[in-house]
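Source file: run38.txt (compact mmCIF, C-alpha atoms)
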```txt
# COMPACT_ATOMS: atom_id res chain seq x y z
CA MET A 736 -167.23 -150.53 -10.59
CA SER A 737 -166.22 -146.85 -10.55
CA SER A 738 -167.90 -144.29 -12.77
CA SER A 739 -164.74 -143.93 -14.85
CA THR A 740 -164.30 -147.62 -15.57
CA ALA A 741 -165.03 -148.62 -19.15
CA PHE A 742 -166.77 -151.74 -20.27
CA PRO A 743 -164.16 -154.11 -21.77
CA GLY A 744 -163.25 -153.10 -25.28
CA GLN A 745 -164.59 -149.55 -24.96
CA SER A 746 -162.81 -146.23 -24.50
CA PRO A 747 -162.62 -145.19 -20.82
CA LEU A 748 -163.29 -141.59 -21.83
CA ALA A 749 -166.54 -142.46 -23.59
CA GLU A 750 -168.06 -144.84 -21.08
CA THR A 751 -169.37 -144.50 -17.53
CA ALA A 752 -170.79 -147.13 -15.23
CA PRO A 753 -174.58 -147.31 -15.50
CA LEU A 754 -177.00 -146.73 -12.66
CA SER A 755 -178.77 -149.55 -10.81
CA LEU A 756 -182.42 -149.70 -9.84
CA CYS A 757 -181.49 -152.24 -7.17
CA ALA A 758 -179.27 -149.65 -5.50
CA ARG A 759 -182.15 -147.22 -5.15
CA GLU A 760 -184.37 -147.17 -2.08
CA PRO A 761 -186.36 -143.96 -2.48
CA HIS A 762 -188.17 -142.48 0.49
CA VAL A 763 -191.00 -140.39 -0.89
CA PRO A 764 -192.72 -137.86 1.40
CA ALA A 765 -196.51 -137.85 1.37
CA ASP A 766 -196.72 -134.42 -0.23
CA ARG A 767 -194.71 -135.65 -3.21
CA LEU A 768 -196.99 -138.66 -3.68
CA VAL A 769 -199.96 -136.32 -3.95
CA ALA A 770 -198.12 -133.69 -6.01
CA GLU A 771 -197.23 -136.37 -8.58
CA MET A 772 -200.89 -137.21 -9.15
CA VAL A 773 -200.97 -135.35 -12.47
CA PRO A 774 -201.39 -136.59 -16.06
CA PRO A 775 -198.30 -138.56 -17.16
CA PRO A 776 -195.73 -136.87 -19.44
CA ARG A 777 -197.20 -138.35 -22.62
CA PHE A 778 -200.41 -136.43 -21.82
CA ASP A 779 -198.78 -133.15 -20.76
CA SER A 780 -199.79 -131.32 -23.92
CA VAL A 781 -203.22 -132.81 -24.67
CA ARG A 782 -206.20 -130.50 -24.58
CA PHE A 783 -209.80 -130.63 -25.77
CA ASP A 784 -208.80 -128.81 -28.95
CA THR A 785 -206.12 -131.41 -29.74
CA TYR A 786 -208.71 -134.19 -29.62
CA VAL A 787 -209.86 -134.90 -33.19
CA PRO A 788 -213.39 -136.31 -33.14
CA ASP A 789 -214.40 -138.81 -35.79
CA PRO A 790 -217.05 -137.06 -37.93
CA ASN A 791 -218.85 -140.40 -38.19
CA GLN A 792 -219.09 -140.63 -34.38
CA PRO A 793 -221.09 -137.63 -33.10
CA SER A 794 -220.78 -138.88 -29.51
CA GLN A 795 -217.09 -137.93 -29.61
CA SER A 796 -217.82 -134.25 -30.34
CA GLU A 797 -220.59 -134.33 -27.76
CA ALA A 798 -218.17 -135.70 -25.16
CA VAL A 799 -215.80 -132.77 -25.73
CA THR A 800 -218.67 -130.29 -25.31
CA VAL A 801 -220.01 -131.95 -22.16
CA LEU A 802 -216.59 -132.29 -20.53
CA ALA A 803 -215.61 -128.70 -21.35
CA GLY A 804 -218.81 -127.56 -19.68
CA PHE A 805 -218.15 -129.83 -16.71
CA ALA A 806 -214.66 -128.33 -16.32
CA ALA A 807 -216.00 -124.78 -16.51
CA GLY A 808 -218.54 -125.61 -13.81
CA LEU A 809 -215.71 -126.50 -11.44
CA GLY A 810 -214.25 -123.01 -11.57
CA GLY A 811 -216.13 -121.69 -8.55
CA ALA A 812 -215.42 -122.25 -4.92
CA HIS A 813 -215.02 -125.77 -3.63
CA ALA A 814 -218.49 -127.20 -3.05
CA THR A 815 -218.09 -127.38 0.71
CA GLY A 816 -214.50 -126.43 1.32
CA ALA A 817 -212.00 -128.79 2.91
CA GLY A 818 -214.00 -129.67 5.98
CA ARG A 819 -215.85 -126.32 5.96
CA ARG A 820 -219.37 -126.62 7.39
CA ARG A 821 -222.40 -124.48 6.75
CA TRP A 822 -224.13 -122.71 9.60
CA PHE A 823 -226.59 -124.86 11.57
CA SER A 824 -225.38 -128.02 9.79
CA LYS A 825 -223.41 -130.81 11.35
CA LYS A 826 -222.31 -132.20 7.96
CA PRO A 827 -221.22 -130.56 4.73
CA ALA A 828 -224.15 -130.05 2.40
CA ALA A 829 -224.29 -132.65 -0.35
CA PRO A 830 -223.57 -131.16 -3.79
CA ALA A 831 -226.62 -130.87 -6.03
CA GLY A 832 -226.74 -133.19 -9.04
CA PRO A 833 -224.03 -135.55 -10.30
CA ARG A 834 -220.56 -134.41 -9.34
CA GLY A 835 -218.91 -137.02 -11.49
CA VAL A 836 -218.62 -138.22 -15.08
CA TYR A 837 -217.81 -141.71 -16.28
CA LEU A 838 -216.29 -141.99 -19.77
CA ASP A 839 -217.75 -145.11 -21.32
CA GLY A 840 -216.09 -146.39 -24.48
CA GLY A 841 -213.82 -149.00 -26.04
CA TYR A 842 -210.09 -148.99 -26.66
CA GLY A 843 -208.71 -146.35 -28.96
CA VAL A 844 -211.49 -143.76 -28.64
CA GLY A 845 -209.33 -141.40 -26.58
CA LYS A 846 -210.77 -141.74 -23.09
CA THR A 847 -207.45 -140.99 -21.37
CA HIS A 848 -206.85 -138.05 -23.74
CA LEU A 849 -210.23 -136.62 -22.74
CA LEU A 850 -209.72 -137.34 -19.04
CA ALA A 851 -206.35 -135.57 -19.08
CA SER A 852 -207.87 -132.70 -21.05
CA LEU A 853 -210.54 -132.35 -18.36
CA TRP A 854 -207.80 -132.11 -15.72
CA HIS A 855 -205.97 -129.43 -17.73
CA ALA A 856 -209.16 -127.47 -18.46
CA THR A 857 -210.45 -127.36 -14.89
CA PRO A 858 -209.76 -123.81 -13.66
CA ALA A 859 -207.92 -124.63 -10.48
CA GLU A 860 -204.32 -124.79 -9.34
CA PRO A 861 -202.63 -128.17 -9.94
CA SER A 862 -202.48 -128.65 -6.18
CA LEU A 863 -206.30 -128.72 -6.16
CA LYS A 864 -206.59 -131.36 -8.88
CA ALA A 865 -205.47 -135.00 -8.86
CA PHE A 866 -205.04 -137.47 -11.74
CA GLY A 867 -203.99 -141.09 -11.37
CA THR A 868 -204.77 -144.64 -12.28
CA PHE A 869 -206.84 -146.83 -10.01
CA VAL A 870 -203.64 -148.63 -8.97
CA GLU A 871 -201.91 -145.37 -8.08
CA LEU A 872 -204.90 -144.40 -5.96
CA THR A 873 -204.88 -147.70 -4.05
CA ASN A 874 -201.12 -147.36 -3.60
CA LEU A 875 -201.64 -143.88 -2.18
CA VAL A 876 -204.07 -145.31 0.38
CA GLY A 877 -201.53 -148.02 1.18
CA ALA A 878 -198.80 -145.44 1.76
CA LEU A 879 -200.79 -142.82 3.66
CA GLY A 880 -203.57 -144.84 5.26
CA PHE A 881 -207.28 -144.42 4.55
CA GLN A 882 -208.04 -141.51 6.88
CA GLN A 883 -204.96 -139.51 5.85
CA THR A 884 -205.83 -140.01 2.18
CA VAL A 885 -209.35 -138.71 2.83
CA ARG A 886 -207.95 -135.66 4.61
CA THR A 887 -205.36 -135.05 1.90
CA LEU A 888 -207.76 -135.24 -1.07
CA SER A 889 -210.84 -133.66 0.54
CA GLY A 890 -209.72 -130.14 -0.32
CA HIS A 891 -209.34 -130.99 -4.02
CA ARG A 892 -211.71 -129.69 -6.65
CA LEU A 893 -211.33 -132.68 -9.00
CA LEU A 894 -210.11 -136.28 -8.85
CA CYS A 895 -209.59 -138.10 -12.17
CA ILE A 896 -209.23 -141.90 -12.05
CA ASP A 897 -208.00 -143.62 -15.20
CA GLU A 898 -208.48 -147.36 -15.72
CA PHE A 899 -210.77 -147.97 -12.76
CA GLU A 900 -210.08 -151.64 -12.08
CA LEU A 901 -212.81 -153.98 -10.92
CA ASP A 902 -210.90 -157.27 -10.88
CA ASP A 903 -210.19 -157.07 -7.15
CA PRO A 904 -213.36 -156.83 -5.01
CA GLY A 905 -211.39 -155.66 -1.97
CA ASP A 906 -209.78 -152.76 -3.82
CA THR A 907 -213.11 -151.86 -5.43
CA VAL A 908 -214.77 -151.59 -2.00
CA LEU A 909 -211.80 -149.62 -0.64
CA VAL A 910 -211.86 -147.05 -3.44
CA SER A 911 -215.65 -146.84 -3.45
CA SER A 912 -215.53 -146.01 0.28
CA LEU A 913 -212.84 -143.41 -0.36
CA LEU A 914 -214.81 -141.78 -3.17
CA SER A 915 -217.95 -141.67 -1.02
CA ARG A 916 -216.05 -139.66 1.58
CA LEU A 917 -214.62 -137.35 -1.07
CA VAL A 918 -218.02 -136.75 -2.66
CA GLU A 919 -219.34 -135.77 0.78
CA ALA A 920 -216.50 -133.24 0.95
CA GLY A 921 -217.49 -131.76 -2.41
CA VAL A 922 -214.79 -133.26 -4.64
CA ALA A 923 -215.83 -133.74 -8.27
CA LEU A 924 -214.98 -137.10 -9.85
CA ALA A 925 -214.17 -138.32 -13.35
CA ALA A 926 -213.31 -141.89 -14.28
CA THR A 927 -212.67 -144.37 -17.05
CA SER A 928 -212.55 -148.12 -16.50
CA ASN A 929 -211.11 -151.22 -18.04
CA THR A 930 -212.86 -154.51 -18.71
CA LEU A 931 -213.88 -157.07 -16.15
CA PRO A 932 -211.80 -160.28 -16.23
CA GLY A 933 -214.56 -162.29 -17.89
CA LYS A 934 -215.06 -159.62 -20.55
CA LEU A 935 -211.49 -159.21 -21.72
CA GLY A 936 -212.27 -159.93 -25.37
CA GLU A 937 -215.13 -157.46 -25.50
CA GLY A 938 -212.86 -154.45 -25.29
CA ARG A 939 -215.06 -152.26 -23.12
CA PHE A 940 -216.64 -152.40 -19.71
CA ALA A 941 -219.95 -150.53 -20.20
CA ALA A 942 -221.44 -147.94 -17.90
CA VAL A 943 -224.17 -150.16 -16.48
CA ASP A 944 -221.56 -152.60 -15.16
CA PHE A 945 -219.37 -149.82 -13.77
CA LEU A 946 -222.27 -148.18 -11.94
CA ARG A 947 -223.44 -151.51 -10.52
CA GLU A 948 -219.97 -152.28 -9.16
CA ILE A 949 -219.62 -148.96 -7.35
CA GLN A 950 -223.19 -149.30 -6.05
CA GLY A 951 -223.92 -146.36 -3.75
CA LEU A 952 -221.73 -144.03 -5.82
CA SER A 953 -223.68 -144.50 -9.04
CA ALA A 954 -225.92 -141.49 -8.42
CA HIS A 955 -222.83 -139.28 -8.44
CA PHE A 956 -221.75 -140.24 -11.96
CA ARG A 957 -223.15 -139.14 -15.28
CA PRO A 958 -222.30 -141.82 -17.88
CA LEU A 959 -220.84 -140.30 -21.04
CA ARG A 960 -220.76 -142.71 -23.96
CA ILE A 961 -217.93 -142.32 -26.48
CA ASP A 962 -218.42 -144.45 -29.57
CA GLY A 963 -215.70 -145.23 -32.06
CA GLU A 964 -213.72 -147.84 -33.90
CA ASP A 965 -212.17 -150.41 -31.59
CA TYR A 966 -208.38 -150.39 -31.98
CA ARG A 967 -207.76 -153.02 -29.34
CA HIS A 968 -204.99 -155.58 -29.74
CA ARG A 969 -206.21 -159.08 -30.37
CA GLY A 970 -204.19 -161.51 -28.33
CA LEU A 971 -200.67 -160.76 -27.14
CA PRO A 972 -198.61 -158.18 -29.03
CA GLU A 973 -195.55 -159.68 -30.67
CA ALA A 974 -192.48 -158.71 -28.67
CA PRO A 975 -189.21 -157.97 -30.52
CA PRO A 976 -186.51 -160.62 -30.06
CA PRO A 977 -184.30 -159.92 -27.03
CA TYR A 978 -180.64 -159.07 -27.27
CA ASP A 979 -177.81 -160.99 -25.61
CA ASP A 980 -176.25 -160.01 -22.28
CA GLU A 981 -173.19 -158.42 -23.87
CA GLN A 982 -175.24 -156.18 -26.17
CA VAL A 983 -177.41 -155.02 -23.30
CA THR A 984 -174.44 -154.37 -21.03
CA ARG A 985 -172.53 -152.45 -23.71
CA ALA A 986 -175.60 -150.32 -24.42
CA ALA A 987 -176.01 -149.54 -20.71
CA TYR A 988 -172.41 -148.33 -20.46
CA ALA A 989 -172.74 -146.29 -23.65
CA THR A 990 -176.02 -144.57 -22.69
CA PRO A 991 -175.80 -141.70 -20.19
CA GLY A 992 -178.47 -142.04 -17.53
CA ALA A 993 -179.15 -145.72 -18.24
CA SER A 994 -179.58 -148.34 -15.52
CA LEU A 995 -178.32 -151.91 -15.66
CA ASP A 996 -179.76 -154.69 -13.51
CA ASP A 997 -180.15 -158.45 -13.45
CA PHE A 998 -183.86 -159.15 -13.88
CA PRO A 999 -184.28 -161.67 -11.02
CA GLY A 1000 -182.42 -159.30 -8.71
CA LEU A 1001 -184.72 -156.43 -9.74
CA LEU A 1002 -187.80 -158.52 -8.98
CA ASP A 1003 -186.42 -159.22 -5.50
CA HIS A 1004 -185.73 -155.52 -5.00
CA LEU A 1005 -189.27 -154.52 -6.00
CA ALA A 1006 -190.56 -156.60 -3.07
CA ARG A 1007 -188.65 -154.29 -0.71
CA VAL A 1008 -189.95 -151.01 -2.19
CA HIS A 1009 -193.57 -149.90 -1.78
CA PRO A 1010 -195.27 -149.63 -5.20
CA SER A 1011 -196.14 -145.99 -4.47
CA ARG A 1012 -192.40 -145.31 -4.75
CA TYR A 1013 -191.85 -146.96 -8.13
CA GLY A 1014 -192.15 -143.59 -9.84
CA ALA A 1015 -189.32 -142.22 -7.71
CA LEU A 1016 -187.36 -145.40 -8.45
CA THR A 1017 -187.24 -144.34 -12.10
CA ASP A 1018 -186.30 -140.68 -11.50
CA ASP A 1019 -183.95 -139.24 -14.14
CA LEU A 1020 -183.55 -142.54 -15.99
CA ARG A 1021 -182.91 -142.32 -19.73
CA ALA A 1022 -183.16 -146.08 -20.30
CA VAL A 1023 -183.59 -149.33 -18.36
CA CYS A 1024 -181.31 -152.23 -19.32
CA LEU A 1025 -182.09 -155.70 -17.98
CA THR A 1026 -180.16 -158.94 -18.31
CA GLY A 1027 -181.54 -162.42 -17.81
CA VAL A 1028 -185.25 -161.72 -18.20
CA SER A 1029 -187.15 -164.85 -17.15
CA ALA A 1030 -190.71 -165.92 -16.43
CA VAL A 1031 -192.19 -164.20 -13.39
CA PRO A 1032 -192.39 -166.80 -10.58
CA ASP A 1033 -195.62 -165.84 -8.81
CA GLN A 1034 -198.59 -163.51 -8.88
CA SER A 1035 -197.41 -161.08 -6.18
CA THR A 1036 -194.18 -160.53 -8.10
CA ALA A 1037 -196.12 -160.21 -11.35
CA LEU A 1038 -198.40 -157.50 -9.97
CA ARG A 1039 -195.41 -155.49 -8.75
CA LEU A 1040 -193.86 -155.75 -12.20
CA VAL A 1041 -197.10 -154.47 -13.73
CA VAL A 1042 -196.85 -151.31 -11.61
CA LEU A 1043 -193.22 -150.76 -12.62
CA ALA A 1044 -194.15 -151.25 -16.29
CA ASP A 1045 -196.87 -148.60 -15.93
CA ARG A 1046 -194.48 -146.08 -14.38
CA LEU A 1047 -191.85 -146.68 -17.09
CA TYR A 1048 -194.48 -146.35 -19.80
CA ASP A 1049 -195.87 -143.13 -18.31
CA ARG A 1050 -192.36 -141.68 -18.33
CA GLU A 1051 -191.51 -143.07 -21.81
CA VAL A 1052 -188.35 -144.82 -20.57
CA PRO A 1053 -187.10 -147.36 -23.17
CA VAL A 1054 -186.34 -150.88 -21.92
CA LEU A 1055 -183.54 -152.99 -23.42
CA ALA A 1056 -183.41 -156.61 -22.31
CA SER A 1057 -181.80 -160.01 -22.75
CA GLY A 1058 -183.37 -163.35 -21.92
CA LEU A 1059 -187.00 -164.18 -22.64
CA PRO A 1060 -189.08 -161.85 -24.81
CA PHE A 1061 -191.66 -159.88 -22.85
CA ASP A 1062 -194.60 -161.84 -24.24
CA GLN A 1063 -193.33 -164.85 -22.29
CA LEU A 1064 -193.14 -163.13 -18.89
CA PHE A 1065 -196.41 -164.50 -17.52
CA SER A 1066 -197.60 -168.08 -17.35
CA GLU A 1067 -200.72 -169.33 -19.13
CA GLU A 1068 -202.37 -169.65 -15.74
CA MET A 1069 -201.74 -165.96 -15.03
CA LEU A 1070 -202.93 -164.88 -18.47
CA ASN A 1071 -206.15 -166.81 -17.98
CA GLY A 1072 -206.73 -165.70 -14.39
CA GLY A 1073 -208.40 -162.79 -12.68
CA TYR A 1074 -205.57 -160.30 -13.29
CA ARG A 1075 -205.03 -161.15 -16.93
CA LYS A 1076 -206.05 -157.67 -18.13
CA LYS A 1077 -203.19 -156.18 -16.12
CA TYR A 1078 -200.74 -158.70 -17.54
CA PHE A 1079 -201.84 -158.03 -21.11
CA ARG A 1080 -201.37 -154.31 -20.49
CA ALA A 1081 -197.89 -154.84 -19.02
CA ILE A 1082 -196.82 -156.97 -21.99
CA SER A 1083 -198.15 -154.39 -24.42
CA ARG A 1084 -196.38 -151.53 -22.67
CA LEU A 1085 -193.06 -153.31 -22.15
CA THR A 1086 -193.15 -154.38 -25.79
CA ALA A 1087 -193.62 -150.76 -26.88
CA LEU A 1088 -190.73 -149.66 -24.66
CA ALA A 1089 -188.55 -152.49 -26.03
CA ARG A 1090 -189.19 -151.20 -29.56
CA ASP A 1091 -188.21 -147.70 -28.39
CA ALA A 1092 -184.91 -149.12 -27.11
CA LYS A 1093 -183.69 -150.44 -30.48
CA GLY A 1094 -181.66 -147.31 -31.11
CA LEU A 1095 -179.54 -147.95 -28.02
CA VAL A 1096 -177.82 -150.94 -29.59
CA ALA A 1097 -174.94 -150.23 -31.96
CA GLN A 1098 -175.59 -151.69 -35.38
```
Do you think you could lay out the structure here as structure tokens?
Amino acid sequence: MSSSTAFPGQSPLAETAPLSLCAREPHVPADRLVAEMVPPPRFDSVRFDTYVPDPNQPSQSEAVTVLAGFAAGLGGAHATGAGRRRWFSKKPAAPAGPRGVYLDGGYGVGKTHLLASLWHATPAEPSLKAFGTFVELTNLVGALGFQQTVRTLSGHRLLCIDEFELDDPGDTVLVSSLLSRLVEAGVALAATSNTLPGKLGEGRFAAVDFLREIQGLSAHFRPLRIDGEDYRHRGLPEAPPPYDDEQVTRAAYATPGASLDDFPGLLDHLARVHPSRYGALTDDLRAVCLTGVSAVPDQSTALRLVVLADRLYDREVPVLASGLPFDQLFSEEMLNGGYRKKYFRAISRLTALARDAKGLVAQ
């Protein structure tokens, strides 16, 4: 359909054909993948002074003080330089003391706010700092290869990892190996983590478990406890009722910069695009419109959808859909399995984006 063709019943002057995610096959150069490892747009403006500690939780104020000091301590030269070696030494000298902090706390205490604030406060050019989720980091390794990722990140002053995931032993070993190499190169680390699969209802992971899982890296992390009221969702969030195909299609044609895709077709397309490119897949989108949302057929497809949901949520792109509500995307078996924390997060985020999309539908 041409860009000047109107949806039936609409003025041709007011409507343009929507975009299609399925028509996009982005090729993202390695330098862009690394350059995009910055706090997501919703955390662009956060700083330590915009974090409001609970006066009844002194650990929150203490965390701000400790992290601000940690950031200031990273203002000097890189601990060893990118591959720079000291005289008479075959290996870079190991940095003295912990070069990492682990933010230990439950949902709703502002761990990501503080992690992003640390990134912003560290006195170094953005090109010398990296911020990403655990999944984004594993996707970077998948796109660049292990050795190239080590070379690319070794010159950084700081690497922040949000939502360090421990539900996949293989990925945990991979990232632990990567971080060991980066610590040797003098890169400072900061991390938060989510819960283990068997501890989903507890709302927090706890530093002792995190340090045990990363084993040899534990000496490089200083656990920083952040107490506070637990704002976690209990059970699945209630998704708003979906619209019908015609409402979604009309909204897509009426919204500049919106995409329109059939949900099963989009799932097939995601299998052909590396997850590291899902951010580029959503470039310049104002809204995502989906028809025929149905239950996700298998776990590989489900995990790809989780990554797309994260990228849309980071970019605050509303999602308007017909078919099943988002709280019925994943089977009971998936929600009770090893990746259930990811699926709960995807449902929560897609539900929030569906609520944001209400204004796209004419009343």
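With only C-alpha atoms as the basis for measurement, A:Thr984 is the residue among A:Thr984, A:Ser915, A:Thr873, A:Thr990 that approaches A:Thr1026 most closely.
Proximity to A:Ala923 was assessed for A:His891, A:His1009, A:Arg960, A:Arg834 counting only C-alpha atoms; the smallest distance is recorded for A:Arg834.
Minimum distance to A:Pro775 across A:Leu914, A:Leu850, A:Val1096, A:Ala859 (counting all atoms listed in the file) occurs at A:Leu850.
Among the candidate residues A:Ala752, A:Leu1055, A:Val781, A:Ala765, the one lying nearest to A:Pro975 is A:Leu1055, with distances computed using only C-alpha atoms.
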Would you please work out which residue, of A:Asn874, A:Met772, A:Gly808, A:Ile961, is nearest to A:Leu838 when using only C-alpha atoms? A:Ile961
Close residues, A:Leu875 itself excluded, 8 Å, all atoms listed in the file, min 5 positions apart in chain, as a CSV table (one decimal) with C-alpha atoms, keeping the file's coordinate frame:
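Output file result29.csv follows:
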```csv
chain,number,residue,atom,x,y,z
A,768,LEU,CA,-197.0,-138.7,-3.7
A,769,VAL,CA,-200.0,-136.3,-4.0
A,880,GLY,CA,-203.6,-144.8,5.3
A,884,THR,CA,-205.8,-140.0,2.2
A,1011,SER,CA,-196.1,-146.0,-4.5
```
For A:Ala1044, the closest of A:Leu1025, A:Leu1059, A:Leu1085, A:Ala1030 counting only C-alpha atoms is A:Leu1085
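In this model, the gap between atom CA of A:Leu863 and atom CA of A:Ala954 comes to 23.5 Å.
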